[in-house]
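For reference, work_11.txt is printed below; it contains compact mmCIF, C-alpha atoms.
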# COMPACT_ATOMS: atom_id res chain seq x y z
CA MET A 1 112.85 84.12 96.37
CA ILE A 2 116.18 83.06 94.93
CA ARG A 3 117.47 80.24 97.13
CA ARG A 4 120.66 79.51 95.23
CA ILE A 5 122.34 80.93 92.17
CA ARG A 6 125.31 79.64 90.22
CA ILE A 7 127.11 81.98 87.81
CA GLN A 8 129.83 80.76 85.49
CA ASN A 9 132.19 82.81 83.32
CA PHE A 10 130.65 86.23 83.82
CA LYS A 11 133.29 88.95 84.32
CA SER A 12 135.29 87.93 87.44
CA LEU A 13 132.77 85.23 88.37
CA ARG A 14 134.58 82.16 87.04
CA ASP A 15 132.34 79.68 88.88
CA VAL A 16 130.42 80.96 91.88
CA THR A 17 127.54 79.31 93.72
CA VAL A 18 125.84 81.39 96.40
CA GLU A 19 123.24 80.28 98.91
CA LEU A 20 120.93 83.22 99.58
CA SER A 21 118.86 84.03 102.66
CA PRO A 22 115.74 86.19 102.93
CA VAL A 23 118.24 88.97 103.77
CA THR A 24 121.81 88.63 102.50
CA VAL A 25 124.59 91.20 102.94
CA PHE A 26 127.67 91.03 100.70
CA ILE A 27 130.89 92.49 102.07
CA GLY A 28 134.46 92.62 100.78
CA LYS A 29 137.16 94.96 99.61
CA SER A 30 136.65 97.15 96.56
CA GLY A 31 137.35 95.31 93.33
CA THR A 32 136.56 91.84 94.62
CA GLY A 33 133.44 91.36 92.50
CA LYS A 34 130.41 92.50 94.50
CA THR A 35 129.22 94.73 91.66
CA ASN A 36 129.90 91.95 89.14
CA PHE A 37 127.58 89.67 91.13
CA VAL A 38 124.87 92.32 91.11
CA SER A 39 125.47 92.94 87.38
CA ALA A 40 125.02 89.23 86.68
CA ILE A 41 121.57 89.23 88.30
CA ARG A 42 120.60 92.36 86.42
CA PHE A 43 121.93 90.94 83.14
CA LEU A 44 119.95 87.70 83.51
CA ARG A 45 116.77 89.64 84.31
CA ASP A 46 117.18 91.96 81.32
CA TYR A 47 118.19 89.16 78.95
CA LEU A 48 115.03 87.24 79.79
CA TRP A 49 112.87 90.35 79.50
CA GLU A 50 114.26 91.39 76.12
CA GLY A 51 114.89 87.88 74.82
CA LYS A 52 118.39 88.90 73.76
CA VAL A 53 121.60 90.42 75.06
CA PRO A 54 120.64 93.78 76.64
CA GLY A 55 121.50 96.91 74.71
CA TYR A 56 123.84 98.23 77.37
CA VAL A 57 126.24 95.36 76.62
CA GLN A 58 128.20 96.92 73.76
CA ASP A 59 131.01 94.36 73.67
CA GLN A 60 130.25 90.90 75.04
CA ARG A 61 133.96 90.14 75.39
CA LEU A 62 134.22 92.73 78.17
CA TRP A 63 131.51 90.88 80.12
CA GLN A 64 132.94 87.40 79.71
CA CYS A 65 135.39 85.84 82.14
CA ALA A 66 138.93 87.11 81.53
CA THR A 67 140.55 84.01 83.05
CA ASN A 68 138.33 81.59 81.12
CA PRO A 69 137.19 83.46 77.99
CA LYS A 70 136.53 80.45 75.75
CA GLU A 71 134.02 78.77 78.05
CA PRO A 72 130.29 79.63 77.87
CA THR A 73 128.58 81.95 80.31
CA GLU A 74 125.95 80.09 82.31
CA PHE A 75 123.33 80.87 84.95
CA THR A 76 121.56 78.33 87.14
CA VAL A 77 118.89 79.75 89.45
CA HIS A 78 116.99 77.75 92.08
CA PHE A 79 114.02 79.81 93.29
CA THR A 80 110.60 79.66 94.89
CA ILE A 81 107.40 81.64 94.43
CA PRO A 82 105.03 82.30 97.36
CA ALA A 83 102.02 79.95 97.47
CA ILE A 84 103.41 77.94 94.54
CA ASP A 85 104.83 74.45 95.03
CA PRO A 86 107.25 72.96 94.23
CA SER A 87 110.38 75.06 93.57
CA PHE A 88 111.88 75.99 90.18
CA THR A 89 115.31 75.61 88.61
CA TYR A 90 116.20 77.58 85.50
CA ARG A 91 119.40 77.20 83.44
CA LEU A 92 120.65 79.40 80.65
CA ARG A 93 123.90 79.02 78.71
CA LEU A 94 125.38 81.54 76.27
CA ALA A 95 128.30 80.42 74.11
CA GLY A 96 130.89 82.04 71.90
CA GLU A 97 132.02 85.65 71.65
CA ASP A 98 128.56 86.63 70.39
CA TRP A 99 126.83 84.95 73.36
CA ARG A 100 124.52 82.81 71.26
CA LEU A 101 121.94 80.78 73.16
CA SER A 102 123.23 77.21 73.48
CA PHE A 103 121.14 75.72 76.30
CA GLU A 104 117.95 76.56 78.17
CA GLN A 105 116.00 74.46 80.64
CA LEU A 106 113.20 74.98 83.13
CA VAL A 107 112.52 72.40 85.84
CA TRP A 108 109.50 72.62 88.14
CA GLY A 109 110.02 70.28 91.06
CA THR A 110 111.26 67.15 89.28
CA GLU A 111 109.44 67.81 85.99
CA ILE A 112 111.36 69.22 83.04
CA VAL A 113 108.97 71.82 81.64
CA PHE A 114 111.11 72.31 78.54
CA CYS A 115 114.71 71.97 77.43
CA GLN A 116 116.45 73.13 74.29
CA SER A 117 120.13 72.55 73.62
CA GLU A 118 122.63 73.16 70.87
CA ARG A 119 123.88 70.53 68.48
CA GLU A 120 126.47 70.93 65.77
CA ARG A 121 125.32 69.81 62.35
CA LYS A 122 127.58 70.28 59.36
CA LEU A 123 129.58 72.91 61.24
CA VAL A 124 126.37 74.85 61.98
CA HIS A 125 125.17 75.27 65.56
CA GLN A 126 121.45 74.61 65.88
CA LEU A 127 119.14 74.47 68.88
CA THR A 128 116.75 71.56 69.09
CA TRP A 129 114.08 70.60 71.58
CA GLU A 130 115.41 67.95 73.94
CA VAL A 131 112.13 68.22 75.88
CA PRO A 132 109.55 70.33 74.04
CA PRO A 133 106.94 72.26 76.03
CA GLU A 134 103.57 70.56 76.24
CA VAL A 135 101.73 72.91 73.90
CA VAL A 136 100.27 72.36 70.48
CA GLY A 137 102.65 73.79 67.92
CA PRO A 138 105.54 74.78 70.20
CA PRO A 139 107.66 77.71 69.01
CA GLU A 140 110.74 76.96 66.97
CA PRO A 141 113.82 76.44 69.13
CA GLY A 142 116.60 78.98 68.85
CA LEU A 143 115.27 81.93 70.82
CA VAL A 144 114.77 82.20 74.58
CA ALA A 145 111.68 80.13 75.28
CA LEU A 146 110.88 81.24 78.82
CA GLY A 147 108.96 84.33 77.73
CA ARG A 148 107.32 82.72 74.68
CA LEU A 149 105.09 80.07 76.26
CA PRO A 150 101.91 81.90 77.36
CA GLY A 151 99.94 78.66 77.76
CA VAL A 152 102.47 76.98 80.04
CA GLU A 153 101.78 78.09 83.62
CA ALA A 154 105.16 77.10 85.04
CA ALA A 155 106.98 79.05 82.33
CA VAL A 156 104.80 82.14 82.83
CA LEU A 157 105.37 82.07 86.60
CA ALA A 158 109.10 81.55 86.22
CA HIS A 159 109.45 84.31 83.63
CA THR A 160 107.55 86.75 85.85
CA ALA A 161 109.64 85.88 88.91
CA LEU A 162 112.94 86.32 87.05
CA THR A 163 112.02 89.55 85.25
CA ALA A 164 109.31 91.74 86.78
CA GLY A 165 109.96 90.06 90.13
CA ILE A 166 113.55 91.38 90.42
CA GLY A 167 114.58 94.95 91.18
CA VAL A 168 118.24 96.00 91.05
CA TYR A 169 118.87 99.42 92.60
CA ASN A 170 121.82 101.77 92.83
CA PHE A 171 120.24 105.17 93.39
CA PRO A 172 122.31 108.22 92.35
CA TYR A 173 122.77 111.24 94.59
CA ASN A 174 120.27 113.20 92.48
CA ALA A 175 117.61 110.48 92.83
CA LEU A 176 113.96 111.60 92.73
CA GLN A 177 114.75 115.01 91.28
CA LYS A 178 113.60 114.39 87.73
CA SER A 179 110.75 112.13 86.71
CA GLY A 180 110.66 109.96 83.64
CA GLN A 181 109.14 106.78 82.29
CA ALA A 182 110.45 103.25 82.70
CA SER A 183 109.93 99.98 80.90
CA PRO A 184 106.46 98.57 81.66
CA GLY A 185 106.16 95.67 84.05
CA PHE A 186 109.22 96.40 86.16
CA GLY A 187 107.69 98.49 88.96
CA LEU A 188 110.16 101.01 90.33
CA ALA A 189 112.93 101.47 87.77
CA ASP A 190 116.54 100.73 88.69
CA ARG A 191 117.35 104.42 89.11
CA ALA A 192 113.82 105.36 90.26
CA GLU A 193 113.14 107.70 87.33
CA ASN A 194 109.46 106.63 87.37
CA TYR A 195 109.01 107.39 91.07
CA LEU A 196 105.97 109.63 90.45
CA GLN A 197 104.02 106.80 88.85
CA VAL A 198 105.03 104.33 91.57
CA LEU A 199 104.06 106.70 94.38
CA ARG A 200 100.74 107.53 92.70
CA GLN A 201 99.96 103.82 92.44
CA LEU A 202 100.71 103.36 96.13
CA LEU A 203 98.51 106.27 97.20
CA THR A 204 95.53 105.29 95.05
CA ASP A 205 95.47 101.74 96.41
CA LEU A 206 92.97 102.15 99.24
CA GLU A 207 93.25 98.46 100.14
CA ASN A 208 96.83 99.09 101.21
CA ILE A 209 96.40 102.40 103.03
CA GLU A 210 98.54 101.02 105.85
CA THR A 211 101.48 101.10 103.46
CA ARG A 212 101.22 104.88 103.22
CA LYS A 213 101.06 105.17 106.99
CA ALA A 214 104.07 102.92 107.46
CA MET A 215 106.19 104.92 105.03
CA VAL A 216 105.30 108.24 106.67
CA ALA A 217 105.97 106.77 110.13
CA THR A 218 109.43 105.69 109.00
CA LEU A 219 110.17 109.15 107.56
CA GLN A 220 109.06 110.74 110.82
CA TRP A 221 111.90 108.96 112.58
CA LEU A 222 114.21 110.92 110.29
CA ASN A 223 112.32 114.19 110.64
CA PRO A 224 109.46 114.49 113.19
CA THR A 225 107.97 117.47 111.32
CA ILE A 226 106.95 115.34 108.34
CA LEU A 227 103.19 114.78 108.12
CA SER A 228 102.71 113.49 104.57
CA ILE A 229 104.39 112.78 101.26
CA GLN A 230 102.35 112.62 98.06
CA PRO A 231 102.21 113.72 94.40
CA ASP A 232 100.92 117.20 93.67
CA SER A 233 98.23 115.63 91.47
CA ILE A 234 96.80 112.15 91.18
CA GLN A 235 95.64 112.66 87.57
CA ASN A 236 98.84 114.16 86.18
CA PRO A 237 101.58 114.31 88.82
CA GLN A 238 104.51 116.61 88.14
CA LYS A 239 106.30 116.53 91.49
CA VAL A 240 106.16 115.12 95.00
CA ILE A 241 105.15 117.30 97.91
CA VAL A 242 106.44 116.72 101.45
CA GLY A 243 104.15 118.21 104.09
CA HIS A 244 105.96 119.56 107.19
CA ARG A 245 104.35 120.79 110.38
CA LEU A 246 105.15 124.47 110.94
CA GLY A 247 103.50 125.55 114.18
CA GLU A 248 99.76 125.09 113.64
CA LYS A 249 100.07 124.96 109.86
CA ILE A 250 101.46 122.70 107.17
CA LEU A 251 104.37 123.81 105.01
CA PRO A 252 104.40 122.01 101.62
CA LEU A 253 107.89 121.54 100.18
CA ASP A 254 108.91 120.10 96.82
CA LEU A 255 110.77 116.80 97.30
CA ALA A 256 113.55 118.31 95.19
CA GLN A 257 114.14 120.79 98.04
CA GLU A 258 114.90 118.01 100.48
CA SER A 259 118.46 116.82 101.02
CA ASP A 260 120.14 114.25 98.78
CA GLY A 261 120.26 111.84 101.70
CA PHE A 262 116.54 112.20 102.41
CA ARG A 263 115.66 111.53 98.76
CA ARG A 264 117.91 108.48 98.57
CA PHE A 265 116.39 107.17 101.79
CA PHE A 266 112.90 107.67 100.40
CA ALA A 267 113.91 105.97 97.13
CA HIS A 268 114.80 102.86 99.14
CA LEU A 269 111.43 103.00 100.88
CA LEU A 270 109.66 103.21 97.52
CA ALA A 271 111.55 100.14 96.35
CA LEU A 272 110.67 98.23 99.50
CA TYR A 273 106.99 99.23 99.59
CA GLN A 274 106.14 99.31 95.86
CA LYS A 275 103.07 97.46 94.61
CA PRO A 276 103.12 94.80 93.40
CA SER A 277 106.03 93.75 95.58
CA LYS A 278 109.19 92.35 94.10
CA GLN A 279 110.34 88.80 94.77
CA THR A 280 113.98 89.89 95.05
CA LEU A 281 115.32 93.37 95.76
CA VAL A 282 119.02 94.09 95.20
CA PHE A 283 120.62 97.25 96.60
CA GLU A 284 124.16 98.45 95.93
CA GLU A 285 125.76 100.37 98.80
CA PRO A 286 122.52 101.85 100.16
CA GLU A 287 124.49 103.80 102.79
CA ASN A 288 125.85 106.32 100.27
CA GLY A 289 124.77 109.85 101.12
CA ILE A 290 122.48 108.79 103.97
CA TYR A 291 122.85 110.26 107.45
CA PRO A 292 124.68 107.65 109.58
CA ALA A 293 122.05 107.71 112.33
CA ALA A 294 119.44 106.67 109.74
CA LEU A 295 121.27 103.49 108.76
CA GLU A 296 119.80 101.49 111.64
CA LEU A 297 116.35 102.55 110.50
CA LEU A 298 117.10 101.53 106.93
CA ALA A 299 118.52 98.17 108.08
CA ASN A 300 115.34 97.49 110.04
CA GLU A 301 113.33 98.11 106.87
CA PHE A 302 115.52 95.66 104.97
CA LYS A 303 115.14 92.98 107.63
CA ALA A 304 111.37 93.46 107.91
CA ALA A 305 110.70 93.24 104.17
CA PRO A 306 110.76 89.44 103.69
CA GLU A 307 108.57 88.71 106.69
CA ALA A 308 106.08 91.37 105.56
CA GLY A 309 105.90 89.83 102.08
CA ARG A 310 107.71 92.73 100.42
CA GLY A 311 110.50 90.62 98.96
CA GLN A 312 113.88 89.08 99.58
CA VAL A 313 116.65 91.67 100.11
CA LEU A 314 120.22 91.40 98.85
CA LEU A 315 122.62 94.26 99.45
CA THR A 316 126.27 95.20 99.19
CA THR A 317 127.90 97.55 101.68
CA HIS A 318 131.16 99.12 102.82
CA SER A 319 129.58 100.65 105.92
CA PRO A 320 130.52 99.32 109.38
CA LEU A 321 127.54 101.17 110.84
CA LEU A 322 125.11 99.46 108.48
CA LEU A 323 126.72 96.04 108.86
CA ASP A 324 126.43 96.31 112.66
CA GLN A 325 122.66 95.89 112.24
CA PHE A 326 122.97 92.38 110.77
CA SER A 327 123.97 88.99 112.12
CA ALA A 328 126.59 86.52 110.92
CA GLU A 329 123.88 84.45 109.18
CA HIS A 330 123.12 87.40 106.90
CA ILE A 331 126.72 87.91 105.77
CA ARG A 332 128.41 86.59 102.62
CA VAL A 333 132.07 87.43 102.09
CA VAL A 334 133.39 88.36 98.64
CA GLU A 335 137.09 87.85 97.88
CA LEU A 336 139.26 87.95 94.77
CA VAL A 337 141.67 85.02 94.40
CA ASP A 338 143.85 84.79 91.27
CA LEU A 339 141.62 87.37 89.57
CA GLU A 340 138.50 85.26 90.22
CA THR A 341 135.70 86.13 92.61
CA ARG A 342 134.78 83.78 95.41
CA ILE A 343 131.70 84.22 97.58
CA GLY A 344 130.85 82.30 100.72
CA PRO A 345 129.72 82.43 104.34
CA LEU A 346 131.80 83.97 107.07
CA ALA A 347 134.63 81.89 108.56
CA GLU A 348 133.48 79.83 111.55
CA ASP A 349 135.82 81.49 114.07
CA GLN A 350 134.48 84.91 113.06
CA ARG A 351 130.88 83.68 113.27
CA GLU A 352 131.61 82.37 116.75
CA ALA A 353 133.23 85.67 117.77
CA LEU A 354 130.10 87.51 116.62
CA ARG A 355 127.81 85.13 118.50
CA GLU A 356 129.82 85.61 121.70
CA GLN A 357 129.93 89.39 121.09
CA LEU A 358 133.72 89.37 121.05
CA LEU A 359 133.50 91.05 117.67
CA HIS A 360 130.98 93.47 116.20
CA PRO A 361 129.91 92.94 112.57
CA GLY A 362 131.24 96.34 111.57
CA GLU A 363 134.71 95.32 112.78
CA LEU A 364 134.86 92.81 109.92
CA PHE A 365 135.92 95.82 107.83
CA THR A 366 138.67 96.92 110.21
CA VAL A 367 139.74 94.88 113.25
CA ASP A 368 139.43 91.38 111.77
CA PRO A 369 138.78 91.57 108.02
CA ALA A 370 136.09 89.12 106.91
CA ARG A 371 137.22 85.75 105.58
CA ILE A 372 135.36 83.03 103.65
CA ALA A 373 134.85 79.77 105.46
CA SER A 374 135.54 77.63 102.38
CA ILE A 375 138.85 79.32 101.63
CA GLU A 376 139.96 78.89 105.23
CA SER A 377 139.12 75.15 105.19
CA GLU A 378 140.91 74.64 101.86
CA THR A 379 144.04 76.29 103.29
CA ALA A 380 143.88 74.10 106.38
CA GLY A 381 143.58 71.00 104.20

Render the structure in this file as structure tokens.
Amino acid sequence: MIRRIRIQNFKSLRDVTVELSPVTVFIGKSGTGKTNFVSAIRFLRDYLWEGKVPGYVQDQRLWQCATNPKEPTEFTVHFTIPAIDPSFTYRLRLAGEDWRLSFEQLVWGTEIVFCQSERERKLVHQLTWEVPPEVVGPPEPGLVALGRLPGVEAAVLAHTALTAGIGVYNFPYNALQKSGQASPGFGLADRAENYLQVLRQLLTDLENIETRKAMVATLQWLNPTILSIQPDSIQNPQKVIVGHRLGEKILPLDLAQESDGFRRFFAHLLALYQKPSKQTLVFEEPENGIYPAALELLANEFKAAPEAGRGQVLLTTHSPLLLDQFSAEHIRVVELVDLETRIGPLAEDQREALREQLLHPGELFTVDPARIASIESETAG
């Protein structure tokens, strides 16, 4: 679970530190930087997985901070892993227009597992080991080390948590209509194109048969006629079949015949119930295309996930109906001040109004627009 993340000089995120809860909901007007925050998490995950700037970044200058373009982009992540003590802190710094690696450090508890930093020698930037990893013949500094230390347990755990352990989801309206392959080790892909493989894995895991029952039970709240949902073949699945009760018989329907909203809802369930579970699940505007009455059901799934061991949940939303299902402690407000994103907890007077039920969470979009506590205190000072 990511406890705290600091992002510096990434798009509109000039210098943002966010404390995260098991369930955290980000709200704010369009264009304030919610998607940039999500993109930063995705970028860090993909950078560590590939060991380089991800291919979808065509021009690094467009991803760097417009108000502070000459300063390096940096990530500092404080996180925990279940059943592993103590906690971890990972730092990564990318400098220059080409985003060259200039600093990397992993700390486990109070122990520095490794640290490499950049020094300028004869006008050439070189990375050197400040604290080399405790392995015989450590790799040469210069490339991302986190994924290149198979004998160092702390590094292996941290790399897994920050790559395969993170899912970032923004499901399109045509989700779960066409199946494809995804990069190995990531579970359900960001756009769920490998949903057939993920569902097959869930259904062939007899030790977790309750997972199948729980997913079907949730879908039955949407449509009481649903009896099952499964691939047409375990050996070579081509499509997903939804079994509906029709009188005394079962009517099998292709998942592609179901509504867009139903498929998007099911895509969120697959993300939440996938095996192995993610450490952190990030969802962008999960309300899109989903029947409003189903949003309470979806919110309950989000809130239940951490306690059930299915991962921390972070989500962005513009939906008053969805936000009404969460408390003030879940909410982080996103604002844009002087073209820079700021993220923080809800202002104290608004938190108090929610506690006393003088204000509903959804009214933070309309009646009393959400404000950041830190900004309010700075203004008062």

Subject >> Contact residues around Pro320 in chain A with all atoms listed in the file at 12 Å, ignoring same-chain residues under 4 positions, as an MDAnalysis selection string >> reply: chainID A and resid 25 27:28 285 287 292 295:296 316 324:326 360:367 369:370

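Ranking A:Ile229, A:Leu270, A:Leu297, A:Ile331 by their shortest atom-to-atom distance to Pro252 in chain A, with all atoms listed in the file included, puts A:Ile229 first.
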
Sorted per-residue table, range 234-279 of chain A near range 218-221 of chain A, closest atoms and distance, 12 Å, only C-alpha atoms, as JSON lines:
{"residue": "A:Val242", "atom": "CA", "partner": "A:Leu219", "partner_atom": "CA", "distance": 10.4}
{"residue": "A:Gly243", "atom": "CA", "partner": "A:Gln220", "partner_atom": "CA", "distance": 11.2}
{"residue": "A:His244", "atom": "CA", "partner": "A:Gln220", "partner_atom": "CA", "distance": 10.0}
{"residue": "A:Arg245", "atom": "CA", "partner": "A:Gln220", "partner_atom": "CA", "distance": 11.1}
{"residue": "A:Gly261", "atom": "CA", "partner": "A:Leu219", "partner_atom": "CA", "distance": 12.0}
{"residue": "A:Phe262", "atom": "CA", "partner": "A:Leu219", "partner_atom": "CA", "distance": 8.7}
{"residue": "A:Arg263", "atom": "CA", "partner": "A:Leu219", "partner_atom": "CA", "distance": 10.6}
{"residue": "A:Arg264", "atom": "CA", "partner": "A:Leu219", "partner_atom": "CA", "distance": 11.9}
{"residue": "A:Phe265", "atom": "CA", "partner": "A:Leu219", "partner_atom": "CA", "distance": 8.7}
{"residue": "A:Phe266", "atom": "CA", "partner": "A:Leu219", "partner_atom": "CA", "distance": 7.8}
{"residue": "A:Ala267", "atom": "CA", "partner": "A:Leu219", "partner_atom": "CA", "distance": 11.5}
{"residue": "A:His268", "atom": "CA", "partner": "A:Leu219", "partner_atom": "CA", "distance": 11.5}
{"residue": "A:Leu269", "atom": "CA", "partner": "A:Thr218", "partner_atom": "CA", "distance": 8.8}
{"residue": "A:Leu270", "atom": "CA", "partner": "A:Leu219", "partner_atom": "CA", "distance": 11.7}
{"residue": "A:Tyr273", "atom": "CA", "partner": "A:Thr218", "partner_atom": "CA", "distance": 11.7}

**OP:** Would you kindly identify which residues have an atom no farther than 10 Å from (110.3, 83.2, 91.0), using only C-alpha atoms and the file's own coordinates, and write them out as a ChimeraX atom specification?
**Re:** /A:1-3,77-82,84,87-90,154,156-166,278-280

**OP:** May I have the residues within 9 Å of Leu346 in chain A as JSON, numbers by chain, using all atoms listed in the file and disregarding those fewer than 4 positions away in the same chain?
**Re:** {"A": [328, 329, 331, 332, 333, 350, 351, 370, 371, 372, 373, 374]}

Original post:
Do you know which residues are at most 12 Å from Gln197 in chain A counting only C-alpha atoms, after dropping those on the same chain fewer than 3 positions away, and could you put them as a ChimeraX atom specification?
Top reply: /A:176,179-182,184,186-189,192-194,200-204,230-240,270,274-275

Original post:
Taking into account all atoms listed in the file, which residue in the set A:Ala145, A:Val313, A:Ile209, A:Val168 is nearest to Asp46 in chain A?
Top reply: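 Comparing A:Ala145, A:Val313, A:Ile209, A:Val168 against Asp46 in chain A, the winner is A:Val168.
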
Original post:
Mind pulling up the distance from CA of Val334 in chain A to CA of Lys29 in chain A?
Top reply: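 We find that CA of Lys29 in chain A and CA of Val334 in chain A lie 7.7 Å from each other.
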
**OP:** Give the answer as one residue: which of A:Ala308, A:Ala347, A:Leu321, A:Leu222 has the shortest atom-to-atom distance to Ala294 in chain A, using only C-alpha atoms?
**Re:**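 The shortest atom-to-atom distance to Ala294 in chain A comes from A:Leu222.
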
Restrict the calculation to only C-alpha atoms, then for each residue of range 73-172 of chain A with any atom at most 12 Å from an atom of range 65-69 of chain A give the closest atom pair and their distance in Å to one decimal, rows by chain and rising residue number, as JSON lines.
{"residue": "A:Thr73", "atom": "CA", "partner": "A:Cys65", "partner_atom": "CA", "distance": 8.1}
{"residue": "A:Glu74", "atom": "CA", "partner": "A:Cys65", "partner_atom": "CA", "distance": 11.1}
{"residue": "A:Ala95", "atom": "CA", "partner": "A:Pro69", "partner_atom": "CA", "distance": 10.2}
{"residue": "A:Gly96", "atom": "CA", "partner": "A:Pro69", "partner_atom": "CA", "distance": 8.9}
{"residue": "A:Glu97", "atom": "CA", "partner": "A:Pro69", "partner_atom": "CA", "distance": 8.5}
{"residue": "A:Asp98", "atom": "CA", "partner": "A:Pro69", "partner_atom": "CA", "distance": 11.9}
{"residue": "A:Trp99", "atom": "CA", "partner": "A:Pro69", "partner_atom": "CA", "distance": 11.4}

Original post:
Expressed in Å to a single decimal, how great is the separation between CA of Asn170 in chain A and CA of Pro54 in chain A?
Top reply: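 Distance reported for this atom pair: 18.1 Å.
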
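Here CA of Pro286 in chain A and CA of Ala353 in chain A stand 26.2 Å from one another.
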
Subject >> Best match for closeness to Ser30 in chain A among A:His318, A:Gly344, A:Arg6, A:Ser117, counting only C-alpha atoms >> reply: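 Ranked by minimum distance to Ser30 in chain A, first place goes to A:His318.
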
Subject >> Nearest-residue call for Val152 in chain A, choices A:Leu206, A:Val23, A:Ile241, A:Val135, using all atoms listed in the file >> reply: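 Among the listed residues, A:Val135 lies closest to Val152 in chain A.
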
Missing atoms in range 187-192 of chain A need filling: write out all heavy atoms for it as a compact mmCIF listing (two decimals), in the frame of the given file.
# COMPACT_ATOMS: atom_id res chain seq x y z
N GLY A 187 107.87 97.75 87.70
CA GLY A 187 107.69 98.49 88.96
C GLY A 187 108.64 99.66 89.01
O GLY A 187 108.88 100.34 88.01
N LEU A 188 109.22 99.90 90.19
CA LEU A 188 110.16 101.01 90.33
C LEU A 188 111.41 100.72 89.51
O LEU A 188 112.04 99.67 89.64
CB LEU A 188 110.53 101.20 91.80
CG LEU A 188 111.44 102.41 92.09
CD1 LEU A 188 110.69 103.72 91.82
CD2 LEU A 188 111.96 102.37 93.52
N ALA A 189 111.78 101.65 88.64
CA ALA A 189 112.93 101.47 87.77
C ALA A 189 114.22 101.45 88.58
O ALA A 189 114.27 101.92 89.72
CB ALA A 189 112.98 102.60 86.74
N ASP A 190 115.28 100.92 87.97
CA ASP A 190 116.54 100.73 88.69
C ASP A 190 117.09 102.02 89.28
O ASP A 190 117.72 102.01 90.32
CB ASP A 190 117.58 100.11 87.75
CG ASP A 190 117.25 98.68 87.37
OD1 ASP A 190 116.31 98.10 87.96
OD2 ASP A 190 117.94 98.12 86.50
N ARG A 191 116.86 103.13 88.60
CA ARG A 191 117.35 104.42 89.11
C ARG A 191 116.19 105.32 89.54
O ARG A 191 116.35 106.52 89.72
CB ARG A 191 118.21 105.12 88.05
CG ARG A 191 119.46 104.30 87.71
CD ARG A 191 120.28 104.91 86.60
NE ARG A 191 120.96 106.12 87.00
CZ ARG A 191 122.13 106.14 87.65
NH1 ARG A 191 122.72 105.02 87.98
NH2 ARG A 191 122.71 107.29 87.95
N ALA A 192 115.01 104.71 89.69
CA ALA A 192 113.82 105.36 90.26
C ALA A 192 113.32 106.54 89.45
O ALA A 192 112.63 107.41 89.98
CB ALA A 192 114.09 105.81 91.71
